[in-house]
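K.L.:
Dumping the structure here so I can ask a few things about it.
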Amino acid sequence: MNVIKEHIKSGNYKQFYLLYGSEPYLIKLYRDKLKQGILGDMDQMNFSRYEGKSIDLKEVNEIAQTLPFFNDRRLILIEQSGFFKSQSELSDILTKAPASTIFVFAEKEVDKRNKAYKLIRDRGNISEMNGLDERNLKLFVASLLKPSGKQITQQLADYFLDKTGPDMDNIINEIDKLISYTLDRDIITKEDIDGLVTTQVSGKIFQMMDAIGLKQQDKALSLYYDLLSVRERPSHILFLIIRHFNILLQIKNLSLQGASNKLITEKVGIPPFTVSKYIGQTRNFTSEQLFNSLKKAADTEEKIKTGQIDDKIGVELLIIDFSR
């Protein structure tokens, strides 16, 4: 991201940019910054945008070969194409494109063995955007509140993020609600957050796992009932519990090996913001407990699928067992 900022500041651009990752807000932000820097606001004659998995590469090539009108550059934006997950003629098109044509790609996933990926790696810029770490997410929250003169304490920022999760679009929506609700008040309170901010499913699962690890059975069951009340299917809740235990087991083992937070993020594939929280939860379990819990959860899933037990009751009994 810092490289892209430098290119925009200097006006010296690479011919190819690939933005990808799990944080759509950052991808959209830098996509738009590149478009603004390369062409400005008014130039639509030299801008072409394609989206989806049915893009006609022949048409893209024809546009790419066309010299820009009254400008030094032509920009082609291609989004969520899947071109970096399978082989295609894209790398040949990029190779033959005149230097005046700049390509920006925005994708969720890529295969680093892909020919076009390797070409952009060597001749352009690739930025992986998987969200911000905990410190920068709190700075992001403060930056959203600042124009309205609102303030939030560090402790409440943590509490707010526990509810929203790390998705930046969701954070923006929830901050907008808080700003509108507090009107002339400068300080955001816990009561404001409790009254307005929607707790994401992932946040409730985190809280449930905390309760299970601390043997707070009533709280764990209360969170389970809360999830059921918002129409979360028991089978989906069980899937999330299994996924969570699996992540904890991986992190437990990596931590015992002395792995850094950065390496854990890369190995396990979780957002940077969540690493410290997962590590905190691993302290409530031994590796053996996590492994056995995963096995019990898998057994319950099998019984539900084969009709041996009702899904709602099965998950409830599992949570009771875990939190004894």
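So you can find residues: chains in the structure tokens are A, B, ... in the order shown, residues in each start at 1, and ligands are numbered from 1 in order.
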Among range 12-234 of chain A, which residues does DSSP mark as strand (DSSP E) when it is run on the backbone? Keep the chain and numbering as in the structure and answer as a JSON list (two decimals) with C-alpha atoms, in the first residue's frame.

P.N.:
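New file result03.json:
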[["chain", "number", "residue", "atom", "x", "y", "z"],
["A", 16, "PHE", "CA", 0.20, -3.20, -14.03],
["A", 17, "TYR", "CA", -1.40, -3.25, -10.57],
["A", 18, "LEU", "CA", -2.99, -6.22, -8.83],
["A", 19, "LEU", "CA", -4.94, -5.56, -5.63],
["A", 20, "TYR", "CA", -6.25, -8.64, -3.85],
["A", 47, "PHE", "CA", -11.28, 4.57, -18.94],
["A", 48, "SER", "CA", -12.73, 1.07, -19.37],
["A", 49, "ARG", "CA", -14.10, -1.17, -16.62],
["A", 50, "TYR", "CA", -14.85, -4.91, -16.73],
["A", 51, "GLU", "CA", -16.25, -7.11, -13.98],
["A", 74, "ARG", "CA", -5.41, 4.80, -20.88],
["A", 75, "LEU", "CA", -6.71, 2.87, -17.85],
["A", 76, "ILE", "CA", -8.38, -0.55, -17.88],
["A", 77, "LEU", "CA", -9.93, -1.71, -14.59],
["A", 78, "ILE", "CA", -10.80, -5.42, -14.27],
["A", 79, "GLU", "CA", -12.55, -6.68, -11.13],
["A", 101, "THR", "CA", -2.21, 1.43, -21.30],
["A", 102, "ILE", "CA", -2.29, 0.82, -17.55],
["A", 103, "PHE", "CA", -4.14, -2.15, -16.05],
["A", 104, "VAL", "CA", -5.57, -2.28, -12.52],
["A", 105, "PHE", "CA", -6.94, -5.63, -11.30],
["A", 106, "ALA", "CA", -9.06, -6.04, -8.15],
["A", 107, "GLU", "CA", -9.52, -9.65, -7.03],
["A", 125, "ASN", "CA", 2.94, -3.94, -8.41],
["A", 126, "ILE", "CA", 1.02, -6.51, -6.35],
["A", 127, "SER", "CA", -0.63, -5.49, -3.06],
["A", 128, "GLU", "CA", -2.26, -8.01, -0.73]]

K.L.:
For Ile171 in chain A, find every residue with an atom within 10 Å (counting only C-alpha atoms), except residues of its own chain fewer than 3 positions away, and show them as a list in words.

P.N.:
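Non-adjacent residues within range: Leu137, Phe140, Val141, Leu144, Phe160, Leu161, Lys163, Thr164, Gly165, Pro166, Asp167, Met168, Glu174, Ile175, Asp176, Lys177 and Val197 of chain A.
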
K.L.:
Quick one: pull the distance between CA of Asp111 in chain A and CA of His244 in chain A, Å, one decimal.

P.N.:
25.5 Å

K.L.:
As a PyMOL selection string, please: the residues near Val275 in chain A (cut-off 12 Å, only C-alpha atoms, same-chain neighbours under 4 positions excluded).

P.N.:
chain A and resi 132-134+166+247-248+250-252+254-255+259-271+279-282

K.L.:
Going by DSSP on the backbone, which bits of range 29-103 of chain A are helix (DSSP H, G or I)? Write them as a list in words, please.

P.N.:
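Taking range 29-103 of chain A and keeping helix (DSSP H, G or I) gives Leu29, Tyr30, Arg31, Asp32, Lys33, Leu34, Lys35, Gln36, Gly37, Ile38, Leu39, Leu57, Lys58, Glu59, Val60, Asn61, Glu62, Ile63, Ala64, Leu90, Ser91, Asp92, Ile93, Leu94, Thr95 and Lys96 of chain A.
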
K.L.:
Write to file, as a short mmCIF file (atom, residue, chain, number, x, y, z; two decimals), in the first residue's frame, the residues of the selection just made, with C-alpha atoms.

P.N.:
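Saved as out_2.cif:
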data_model
loop_
_atom_site.label_atom_id
_atom_site.label_comp_id
_atom_site.auth_asym_id
_atom_site.auth_seq_id
_atom_site.Cartn_x
_atom_site.Cartn_y
_atom_site.Cartn_z
CA LEU A 29 -10.01 2.58 -1.60
CA TYR A 30 -6.73 2.01 -3.46
CA ARG A 31 -8.51 1.11 -6.70
CA ASP A 32 -10.19 4.53 -6.61
CA LYS A 33 -6.99 6.32 -5.57
CA LEU A 34 -5.18 4.80 -8.56
CA LYS A 35 -7.98 5.77 -10.97
CA GLN A 36 -8.01 9.33 -9.62
CA GLY A 37 -4.23 9.63 -9.82
CA ILE A 38 -3.86 8.11 -13.28
CA LEU A 39 -6.77 9.82 -15.07
CA LEU A 57 -10.49 -10.91 -23.47
CA LYS A 58 -10.58 -10.19 -27.19
CA GLU A 59 -12.45 -6.96 -26.46
CA VAL A 60 -10.05 -6.13 -23.63
CA ASN A 61 -7.12 -6.59 -26.01
CA GLU A 62 -8.69 -4.28 -28.62
CA ILE A 63 -9.17 -1.56 -26.00
CA ALA A 64 -5.67 -2.10 -24.64
CA LEU A 90 -4.31 -12.49 -20.18
CA SER A 91 -0.52 -12.64 -19.83
CA ASP A 92 -0.08 -12.39 -23.63
CA ILE A 93 -2.42 -9.38 -23.74
CA LEU A 94 -0.47 -7.66 -20.96
CA THR A 95 2.85 -8.39 -22.63
CA LYS A 96 1.73 -6.85 -25.95
#

K.L.:
To one decimal place in Å, what is the distance between CA of Leu67 in chain A and CA of Pro98 in chain A?

P.N.:
8.0 Å

K.L.:
So what do you get for CA of Ser54 in chain A versus CA of Lys115 in chain A, distance-wise?

P.N.:
19.3 Å

K.L.:
Between A:Ile179, A:Gln257, A:Phe273, A:Ile187, which has the minimum distance to Asp162 in chain A (counting only C-alpha atoms)?

P.N.:
A:Phe273
